[in-house]
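One structure is given below, encoded as C-alpha cells.
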Amino acid sequence: MQQNQRTIQKAVRISGQGLHTGIETTVTFKPASTGHGVCFVRTDLNKTIPASANYITDTNRGTRLEHDGAIAQTTEHALAAVASLGIDNLIIEITQAELPILDGSSAPFTQILEEAGIEEQHALRRYYKPNKSFQFRLEETDTDFLLEPADDFQISIEVDYETEVLGVSSAEMNNLSDFKSDFSSARTFCFLHELEQLAANDLIKGGDLNNAIVLVERELSEEESKKLGQLFGKDKVEVQKQGILNNLDLRFDNEPARHKLLDVVGDLALLGMPIKGHVKVKKPGHTANAAFTKKLLQLMKKSAPYYDPNATPVKDIHGILDMLPHRPPFLLIDKIIELSDEHVVGVKNVTMNEDFFQGHFPGAPVMPGVLQIEAMAQAGGILILSTVPDPEKYLTYFMKIDKAKFKQKVLPGDTLVFKLELISPIRRGICHMFGQAFVGEKLVMEAELMAQIAKVK
C-alpha cells in the first residue's frame, strides 16, 4: 500500500551537552516541504548538511557528517527517532557541531518529535525495496550484513564481544512501530578500558554515568574507583550487578544489543528513504553501518525500481490521458507507479501490436531507440506537468537529449520501466532529468533529457 510523505506540524527544540565535546547544543526540529528530505543546518555557520551517507566523514564513537566545511556530529540517535516516526522531510537546526547526548538514547528525541505532531503531506513516499537478497561483509570489522526482500522494515542483530560480561546477545525489531517502546530508550554503552582511553584523551567531556552504560570486565582497585569517581563527580564508584559501573538499573536485559539496533536504524536513515526489507547484521558498528549504507546508495543508482503489476498505479492510462496531449499510436506510456516532486517511474508494456514493428524490422522486431527516449520523455512529462494546476492546457517540448546510451535490445513482450530523477530544480517550466530504462533488472537505456512546457494559446 502506497503511503504519503510526512513531516512535523510545528517547530520544537531540545538542548543538552555533546558527549565528546561537552558543549551545550540546542537542536530545533522544523517542518520541511515534500521532497525536501532530512538535513542538518548549522545556524552558527548558516550552512546545510544533507542527512546522506555520501557525507559521512568519520565513524569513531558515532556518525559524523560533513559538507561545505560544516560538521554534524553524533547524528545517529536523532536520526533513529526521525526514521522510527516515518518522517521524510525535516530541517534539524543545530547551534554547534555535536548533537546532545541527553540520556544516551533516542527516547528524548522521539518524545519531542511526537510533541511536534506528525503531518501527512500530499506526495507519495519513496522506498528502497530490493528485488533479491544482498550480502555485504566488511572485513576490517568482521561484520556481516544480509538484506532480504520484505513487505516492511525489519532488523535482526547479533553482537559478540567475546567477553564474559556481555557475551553473545541479540535483538530483533519486526516493525518500526515497536521502536518507541522496545528500543528508543536503550542507552549507549562502552567498556571500562574504552572509557579510560577516552578520558585520557579528553574525549568524553559531556559524559556521565547517567547517559552511558559502562561495562566492567575486571575488579577495580580502590585507587581506580577514586579516580573514576573524580572523573564523574561521584564520591564512590563501584561495580554493580551484571558488570555495570555504578549505573542506573538496566532498562532491558539486553540493553546494549538494543542500542546497537537503534544505531543501525539511525545510520540506515542516511540512505535517504525507508527500506522495505529485512536487515540482518552480525557485529554491527558505525563503521560497518556506514559502509553498508553507502553500498546500498550505489546499488540504488543502478537498480531497477520495484514494480508490482498487481499494485494500484499512481496514474493509470486514464490519468495519463488527462495530463498528456499525446494519443495513440504515439502515446507510449501505460502507467505511472511512482511520482514525487523530484522523480517519476513509468511503465510501458511493449507488444507485437505496436505499429512501428511493421517496419522495424520485418522478421526481427526491435523497438527503435528514438521511441524508447520518447516514451521516457512522456514519463518525464508527467513529472513536469504535475507542477502546474491545469496540465491539460500545456504542451511539452524537447530542448535537449544528451549522453544517450542503448545497452540492450527491447523486444515484443518486454515491460519497460522508466526511472527519471531531476538533475536540477524545475524553473520557468524547464525540466532537466536523468533517466534510465529497465527490462526486469537489466538496464537497457539511459539518457539526460531537457524539456519545457508551454501553455497552449
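Following the order of the C-alpha cells, chains are lettered A, B, ..., residues in each are numbered from 1, and ligands are numbered from 1.
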
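The neighbours of Glu421 in chain A here are the residues that come within 7 Å of it, using only C-alpha atoms and leaving out any residue fewer than 5 positions away in the same chain; they are Glu342, His343, Val344, Met433, Phe434 and Gly435 of chain A.
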
How would the residues just chosen look if you wrote them out with N, CA and C atoms as a CSV table (one decimal), in the first residue's frame?
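Printed below is part_19.csv as written:
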chain,number,residue,atom,x,y,z
A,342,GLU,N,10.5,15.2,-7.2
A,342,GLU,CA,11.8,15.1,-7.8
A,342,GLU,C,12.0,13.8,-8.7
A,343,HIS,N,11.0,12.9,-8.8
A,343,HIS,CA,11.3,11.8,-9.6
A,343,HIS,C,9.9,11.2,-10.1
A,344,VAL,N,10.0,10.3,-11.1
A,344,VAL,CA,8.8,9.7,-11.6
A,344,VAL,C,9.3,8.3,-12.1
A,433,MET,N,16.4,16.2,-16.6
A,433,MET,CA,16.3,14.9,-15.9
A,433,MET,C,17.3,14.0,-16.4
A,434,PHE,N,17.7,13.0,-15.5
A,434,PHE,CA,18.4,11.8,-15.9
A,434,PHE,C,17.5,10.7,-15.8
A,435,GLY,N,17.4,9.9,-16.9
A,435,GLY,CA,16.5,8.8,-17.0
A,435,GLY,C,17.2,7.5,-17.3

If you run DSSP on the backbone, which residues of range 7-129 of chain A are helix (DSSP H, G or I), as a compact mmCIF listing (two decimals) with C-alpha atoms, in the first residue's frame?
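Result file is out_17.txt:
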# COMPACT_ATOMS: atom_id res chain seq x y z
CA ALA A 53 25.68 8.64 3.71
CA ASN A 54 27.53 10.49 0.94
CA TYR A 55 28.66 12.99 3.57
CA GLU A 76 22.58 8.56 14.89
CA HIS A 77 20.26 8.91 17.93
CA ALA A 78 18.27 11.80 16.48
CA LEU A 79 18.06 10.16 13.05
CA ALA A 80 16.84 6.90 14.58
CA ALA A 81 13.97 8.82 16.18
CA VAL A 82 13.19 10.57 12.88
CA ALA A 83 13.19 7.28 10.95
CA SER A 84 11.11 5.45 13.56
CA ALA A 107 13.90 8.47 23.63
CA PRO A 108 14.18 12.26 24.27
CA PHE A 109 14.28 12.93 20.51
CA THR A 110 11.34 10.60 19.91
CA GLN A 111 9.32 12.32 22.61
CA ILE A 112 9.96 15.87 21.38
CA LEU A 113 9.13 14.92 17.78
CA GLU A 114 5.87 13.31 18.87
CA GLU A 115 5.02 16.53 20.74
CA ALA A 116 5.53 18.41 17.46

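The residue that comes closest to Ile336 in chain A, out of A:Glu374, A:Leu416, A:Thr396, A:Lys280 and on the basis of only C-alpha atoms, is A:Leu416.
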
Go through A:Leu19, A:Ala290, A:Leu215, A:Ala11 and flag the residue nearest Gly117 in chain A, using only C-alpha atoms for the distances.
->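 Once distances to Gly117 in chain A are computed over only C-alpha atoms, the minimum belongs to A:Ala11.
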
Calculate how many Å separate CA of Gly266 in chain A from CA of Leu124 in chain A, rounding to one decimal.
->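 Atom-to-atom, CA of Gly266 in chain A to CA of Leu124 in chain A, that is 22.1 Å.
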
Counting only C-alpha atoms, what is within 10 Å of range 382-390 of chain A, bar same-chain residues fewer than 5 positions away, as an MDAnalysis selection string?
-> chainID A and resid 315 319:320 322:324 336 338:346 377 395:396 420:422 426 429:433 451:453 455

Can you write just those residues out, N, CA and C atoms, as a CSV table (one decimal), in the first residue's frame?
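Writing done, so here's selection18.csv:
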chain,number,residue,atom,x,y,z
A,315,LYS,N,-1.0,6.6,-11.5
A,315,LYS,CA,-1.8,7.1,-12.6
A,315,LYS,C,-2.0,5.9,-13.5
A,319,GLY,N,-5.6,8.4,-16.2
A,319,GLY,CA,-4.9,9.6,-15.6
A,319,GLY,C,-3.9,10.2,-16.5
A,320,ILE,N,-3.2,9.3,-17.2
A,320,ILE,CA,-2.2,9.8,-18.1
A,320,ILE,C,-2.8,10.6,-19.3
A,322,ASP,N,-5.4,12.3,-19.2
A,322,ASP,CA,-5.9,13.5,-18.6
A,322,ASP,C,-4.8,14.6,-18.6
A,323,MET,N,-3.5,14.1,-18.6
A,323,MET,CA,-2.4,15.0,-18.4
A,323,MET,C,-1.6,15.3,-19.7
A,324,LEU,N,-1.3,14.2,-20.4
A,324,LEU,CA,-0.5,14.3,-21.6
A,324,LEU,C,-1.4,14.6,-22.9
A,336,ILE,N,1.9,5.1,-14.4
A,336,ILE,CA,2.9,5.8,-13.6
A,336,ILE,C,2.8,5.1,-12.2
A,338,GLU,N,5.3,5.6,-9.6
A,338,GLU,CA,5.8,6.4,-8.5
A,338,GLU,C,5.9,7.9,-9.0
A,339,LEU,N,5.6,8.8,-8.1
A,339,LEU,CA,5.6,10.2,-8.5
A,339,LEU,C,5.9,11.1,-7.3
A,340,SER,N,6.9,11.9,-7.4
A,340,SER,CA,7.2,12.9,-6.3
A,340,SER,C,7.6,14.2,-6.9
A,341,ASP,N,8.0,15.1,-6.1
A,341,ASP,CA,8.5,16.4,-6.6
A,341,ASP,C,9.8,16.3,-7.4
A,342,GLU,N,10.5,15.2,-7.2
A,342,GLU,CA,11.8,15.1,-7.8
A,342,GLU,C,12.0,13.8,-8.7
A,343,HIS,N,11.0,12.9,-8.8
A,343,HIS,CA,11.3,11.8,-9.6
A,343,HIS,C,9.9,11.2,-10.1
A,344,VAL,N,10.0,10.3,-11.1
A,344,VAL,CA,8.8,9.7,-11.6
A,344,VAL,C,9.3,8.3,-12.1
A,345,VAL,N,8.4,7.3,-12.0
A,345,VAL,CA,8.6,6.0,-12.5
A,345,VAL,C,7.4,5.6,-13.4
A,346,GLY,N,7.7,5.3,-14.6
A,346,GLY,CA,6.6,4.9,-15.5
A,346,GLY,C,6.8,3.5,-16.2
A,377,ALA,N,10.6,10.3,-22.2
A,377,ALA,CA,10.2,11.7,-22.1
A,377,ALA,C,8.8,11.9,-21.7
A,395,LEU,N,1.6,22.0,-23.5
A,395,LEU,CA,2.3,21.0,-24.3
A,395,LEU,C,3.8,20.9,-23.9
A,396,THR,N,4.4,19.8,-24.1
A,396,THR,CA,5.7,19.6,-23.6
A,396,THR,C,6.6,19.5,-24.9
A,420,LEU,N,13.1,8.3,-13.8
A,420,LEU,CA,13.7,9.6,-14.1
A,420,LEU,C,13.8,10.4,-12.8
A,421,GLU,N,14.9,11.1,-12.6
A,421,GLU,CA,15.1,12.0,-11.5
A,421,GLU,C,15.6,13.3,-11.9
A,422,LEU,N,15.2,14.4,-11.2
A,422,LEU,CA,15.7,15.7,-11.6
A,422,LEU,C,17.2,15.9,-11.4
A,426,ILE,N,13.1,22.3,-11.2
A,426,ILE,CA,12.3,22.8,-12.3
A,426,ILE,C,12.1,24.3,-12.1
A,429,GLY,N,9.3,26.3,-16.0
A,429,GLY,CA,8.7,25.3,-16.9
A,429,GLY,C,9.8,24.4,-17.6
A,430,ILE,N,11.1,24.5,-17.2
A,430,ILE,CA,12.1,23.8,-17.8
A,430,ILE,C,12.6,22.7,-16.8
A,431,CYS,N,12.6,21.5,-17.4
A,431,CYS,CA,12.9,20.3,-16.6
A,431,CYS,C,14.1,19.5,-17.1
A,432,HIS,N,15.1,19.4,-16.3
A,432,HIS,CA,16.4,18.7,-16.7
A,432,HIS,C,16.4,17.4,-15.9
A,433,MET,N,16.4,16.2,-16.6
A,433,MET,CA,16.3,14.9,-15.9
A,433,MET,C,17.3,14.0,-16.4
A,451,ALA,N,13.4,19.3,-21.2
A,451,ALA,CA,12.2,19.6,-21.8
A,451,ALA,C,11.6,20.9,-21.2
A,452,GLN,N,10.6,21.5,-21.9
A,452,GLN,CA,10.0,22.7,-21.4
A,452,GLN,C,8.5,22.6,-21.7
A,453,ILE,N,7.7,23.0,-20.8
A,453,ILE,CA,6.2,23.0,-21.1
A,453,ILE,C,5.8,24.5,-21.4
A,455,LYS,N,2.2,26.9,-22.4
A,455,LYS,CA,0.8,26.9,-22.4
A,455,LYS,C,0.2,27.0,-23.8

Within 10 Å of Gly62 in chain A, counting only C-alpha atoms, which residues qualify if same-chain residues fewer than 3 places away don't, as a count of residues only?
-> 14

Got a sec: who's within 12 Å of Phe330 in chain A, counting only C-alpha atoms, leaving out chain neighbours fewer than 3 positions off, as a CSV table (one decimal) with N, CA and C atoms, in the first residue's frame?
chain,number,residue,atom,x,y,z
A,321,LEU,N,-3.9,10.1,-19.8
A,321,LEU,CA,-4.6,10.8,-20.9
A,321,LEU,C,-5.1,12.1,-20.4
A,324,LEU,N,-1.3,14.2,-20.4
A,324,LEU,CA,-0.5,14.3,-21.6
A,324,LEU,C,-1.4,14.6,-22.9
A,325,PRO,N,-0.9,15.4,-23.8
A,325,PRO,CA,-1.6,15.6,-25.0
A,325,PRO,C,-1.5,14.5,-26.1
A,326,HIS,N,-0.5,13.6,-25.8
A,326,HIS,CA,-0.3,12.5,-26.8
A,326,HIS,C,-1.5,11.5,-26.8
A,327,ARG,N,-1.6,11.0,-28.0
A,327,ARG,CA,-2.7,10.0,-28.2
A,327,ARG,C,-2.2,8.8,-29.1
A,333,ILE,N,3.3,5.4,-23.0
A,333,ILE,CA,3.4,5.1,-21.6
A,333,ILE,C,2.1,4.6,-21.1
A,334,ASP,N,2.1,3.6,-20.3
A,334,ASP,CA,0.8,2.9,-19.8
A,334,ASP,C,0.5,3.2,-18.4
A,354,GLU,N,2.5,-3.1,-31.7
A,354,GLU,CA,2.9,-1.7,-31.9
A,354,GLU,C,3.1,-1.5,-33.4
A,355,ASP,N,2.6,-0.3,-33.9
A,355,ASP,CA,2.7,0.0,-35.3
A,355,ASP,C,4.1,0.0,-35.9
A,356,PHE,N,5.1,0.4,-35.0
A,356,PHE,CA,6.5,0.6,-35.5
A,356,PHE,C,7.1,-0.8,-35.8
A,371,LEU,N,12.2,5.9,-30.0
A,371,LEU,CA,10.9,5.8,-29.4
A,371,LEU,C,11.1,5.4,-27.9
A,372,GLN,N,12.1,4.7,-27.6
A,372,GLN,CA,12.4,4.5,-26.1
A,372,GLN,C,12.6,5.8,-25.4
A,374,GLU,N,11.5,8.7,-26.5
A,374,GLU,CA,10.2,9.4,-26.5
A,374,GLU,C,9.3,8.9,-25.3
A,375,ALA,N,9.3,7.6,-25.1
A,375,ALA,CA,8.5,7.0,-24.0
A,375,ALA,C,9.0,7.5,-22.7
A,378,GLN,N,7.9,11.0,-22.2
A,378,GLN,CA,6.5,11.1,-21.8
A,378,GLN,C,6.3,10.9,-20.3

Could you check which of A:Val12, A:Val370, A:Val214, A:Val27 is closest to Glu255 in chain A, using only C-alpha atoms?
->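 With only C-alpha atoms as the atom set, the closest residue is A:Val214.
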
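CA of Leu296 in chain A lies 23.4 Å from CA of Ala257 in chain A.
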
Show me, as an mmCIF file with C-alpha atoms, in the first residue's frame, the residues that have an atom within 9 Å of range 131-133 of chain A when counting only C-alpha atoms, minus same-chain residues fewer than 3 positions from it.
data_model
loop_
_atom_site.group_PDB
_atom_site.id
_atom_site.type_symbol
_atom_site.label_atom_id
_atom_site.label_comp_id
_atom_site.auth_asym_id
_atom_site.auth_seq_id
_atom_site.Cartn_x
_atom_site.Cartn_y
_atom_site.Cartn_z
ATOM 1 C CA LEU A 146 22.200 -9.637 4.801
ATOM 2 C CA LEU A 147 19.330 -7.688 3.251
ATOM 3 C CA GLU A 148 16.321 -9.761 2.231
ATOM 4 C CA PRO A 149 13.144 -8.575 0.470
ATOM 5 C CA SER A 303 18.958 -0.947 -9.683
ATOM 6 C CA ALA A 304 15.579 -1.140 -11.360
ATOM 7 C CA PRO A 305 12.607 0.320 -9.489
ATOM 8 C CA TYR A 306 10.437 -2.248 -7.759
ATOM 9 C CA GLU A 441 16.730 -5.920 -13.623
#

Quick one: everything within 7 Å of Ser170 in chain A, counting only C-alpha atoms, minus sequence neighbours fewer than 3 positions away in the same chain. Send it as a VMD selection string.
-> chain A and resid 157 to 159 257

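Between Phe189 in chain A and the candidates A:Arg64, A:Lys301, A:Arg258, A:Arg137, the tightest atom-to-atom separation, counting only C-alpha atoms, involves A:Arg258.
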
Per DSSP on the backbone, filter range 20-197 of chain A down to the residues in strand (DSSP E) and report them as a PyMOL selection string.
-> chain A and resi 24-31+38-42+47-50+56-58+64-67+70-72+90-94+118-124+134-138+143-149+154-160+168-173+189-191

Pull C-alpha atoms from the residues just selected and write them as a PDB file, in the first residue's frame.
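Output (part_38.pdb):
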ATOM      1  CA  GLU A  24      25.809  22.882  25.041  1.00  0.00           C
ATOM      2  CA  THR A  25      23.849  22.466  21.816  1.00  0.00           C
ATOM      3  CA  THR A  26      20.255  23.379  21.002  1.00  0.00           C
ATOM      4  CA  VAL A  27      18.507  21.247  18.399  1.00  0.00           C
ATOM      5  CA  THR A  28      15.449  22.711  16.658  1.00  0.00           C
ATOM      6  CA  PHE A  29      13.329  20.415  14.506  1.00  0.00           C
ATOM      7  CA  LYS A  30      11.339  22.254  11.816  1.00  0.00           C
ATOM      8  CA  PRO A  31       8.802  21.114   9.182  1.00  0.00           C
ATOM      9  CA  VAL A  38      16.172  15.465   6.019  1.00  0.00           C
ATOM     10  CA  CYS A  39      19.037  17.860   6.557  1.00  0.00           C
ATOM     11  CA  PHE A  40      21.047  19.446   9.356  1.00  0.00           C
ATOM     12  CA  VAL A  41      21.533  23.216   9.403  1.00  0.00           C
ATOM     13  CA  ARG A  42      24.400  24.742  11.378  1.00  0.00           C
ATOM     14  CA  LYS A  47      25.391  26.020   6.297  1.00  0.00           C
ATOM     15  CA  THR A  48      23.357  22.930   5.396  1.00  0.00           C
ATOM     16  CA  ILE A  49      24.471  19.308   5.700  1.00  0.00           C
ATOM     17  CA  PRO A  50      22.204  16.778   3.933  1.00  0.00           C
ATOM     18  CA  ILE A  56      29.903  10.597   6.275  1.00  0.00           C
ATOM     19  CA  THR A  57      33.488  11.531   7.128  1.00  0.00           C
ATOM     20  CA  ASP A  58      34.070   9.760  10.450  1.00  0.00           C
ATOM     21  CA  ARG A  64      29.766  12.403  11.682  1.00  0.00           C
ATOM     22  CA  LEU A  65      28.587  14.180   8.547  1.00  0.00           C
ATOM     23  CA  GLU A  66      30.470  16.983   6.822  1.00  0.00           C
ATOM     24  CA  HIS A  67      29.545  19.227   3.895  1.00  0.00           C
ATOM     25  CA  ALA A  70      30.320  22.271   8.258  1.00  0.00           C
ATOM     26  CA  ILE A  71      30.064  19.259  10.583  1.00  0.00           C
ATOM     27  CA  ALA A  72      27.147  17.489  12.255  1.00  0.00           C
ATOM     28  CA  LEU A  90      12.691  17.672   8.202  1.00  0.00           C
ATOM     29  CA  ILE A  91      15.077  20.513   8.967  1.00  0.00           C
ATOM     30  CA  ILE A  92      17.286  19.883  12.005  1.00  0.00           C
ATOM     31  CA  GLU A  93      18.915  23.110  13.139  1.00  0.00           C
ATOM     32  CA  ILE A  94      21.893  22.777  15.487  1.00  0.00           C
ATOM     33  CA  ILE A 118       3.181  14.299  12.587  1.00  0.00           C
ATOM     34  CA  GLU A 119       1.692  15.771   9.401  1.00  0.00           C
ATOM     35  CA  GLU A 120       0.937  13.758   6.284  1.00  0.00           C
ATOM     36  CA  GLN A 121       1.890  15.503   3.039  1.00  0.00           C
ATOM     37  CA  HIS A 122       0.448  15.383  -0.475  1.00  0.00           C
ATOM     38  CA  ALA A 123       3.197  13.364  -2.122  1.00  0.00           C
ATOM     39  CA  LEU A 124       3.956   9.665  -2.153  1.00  0.00           C
ATOM     40  CA  PHE A 134      22.037  -8.956  -0.925  1.00  0.00           C
ATOM     41  CA  GLN A 135      25.040  -9.853   1.227  1.00  0.00           C
ATOM     42  CA  PHE A 136      27.762  -7.470   2.351  1.00  0.00           C
ATOM     43  CA  ARG A 137      30.820  -8.057   4.506  1.00  0.00           C
ATOM     44  CA  LEU A 138      33.285  -5.556   5.961  1.00  0.00           C
ATOM     45  CA  THR A 143      30.738  -7.542  10.183  1.00  0.00           C
ATOM     46  CA  ASP A 144      28.221  -9.349   8.004  1.00  0.00           C
ATOM     47  CA  PHE A 145      25.036  -7.845   6.557  1.00  0.00           C
ATOM     48  CA  LEU A 146      22.200  -9.637   4.801  1.00  0.00           C
ATOM     49  CA  LEU A 147      19.330  -7.688   3.251  1.00  0.00           C
ATOM     50  CA  GLU A 148      16.321  -9.761   2.231  1.00  0.00           C
ATOM     51  CA  PRO A 149      13.144  -8.575   0.470  1.00  0.00           C
ATOM     52  CA  GLN A 154      12.745  -5.364   9.938  1.00  0.00           C
ATOM     53  CA  ILE A 155      16.107  -5.663  11.690  1.00  0.00           C
ATOM     54  CA  SER A 156      17.804  -8.579  13.414  1.00  0.00           C
ATOM     55  CA  ILE A 157      21.214  -8.076  15.020  1.00  0.00           C
ATOM     56  CA  GLU A 158      23.705 -10.245  16.835  1.00  0.00           C
ATOM     57  CA  VAL A 159      26.646  -8.955  18.852  1.00  0.00           C
ATOM     58  CA  ASP A 160      29.536 -10.931  20.315  1.00  0.00           C
ATOM     59  CA  VAL A 168      26.661 -13.111  22.770  1.00  0.00           C
ATOM     60  CA  SER A 169      23.494 -11.042  22.614  1.00  0.00           C
ATOM     61  CA  SER A 170      20.805 -10.346  20.037  1.00  0.00           C
ATOM     62  CA  ALA A 171      17.818  -8.112  19.331  1.00  0.00           C
ATOM     63  CA  GLU A 172      15.079  -8.101  16.723  1.00  0.00           C
ATOM     64  CA  MET A 173      12.573  -5.494  15.566  1.00  0.00           C
ATOM     65  CA  PHE A 189      27.488   1.799  26.232  1.00  0.00           C
ATOM     66  CA  CYS A 190      31.216   1.261  26.364  1.00  0.00           C
ATOM     67  CA  PHE A 191      33.744  -0.907  28.165  1.00  0.00           C
TER      68      PHE A 191
END
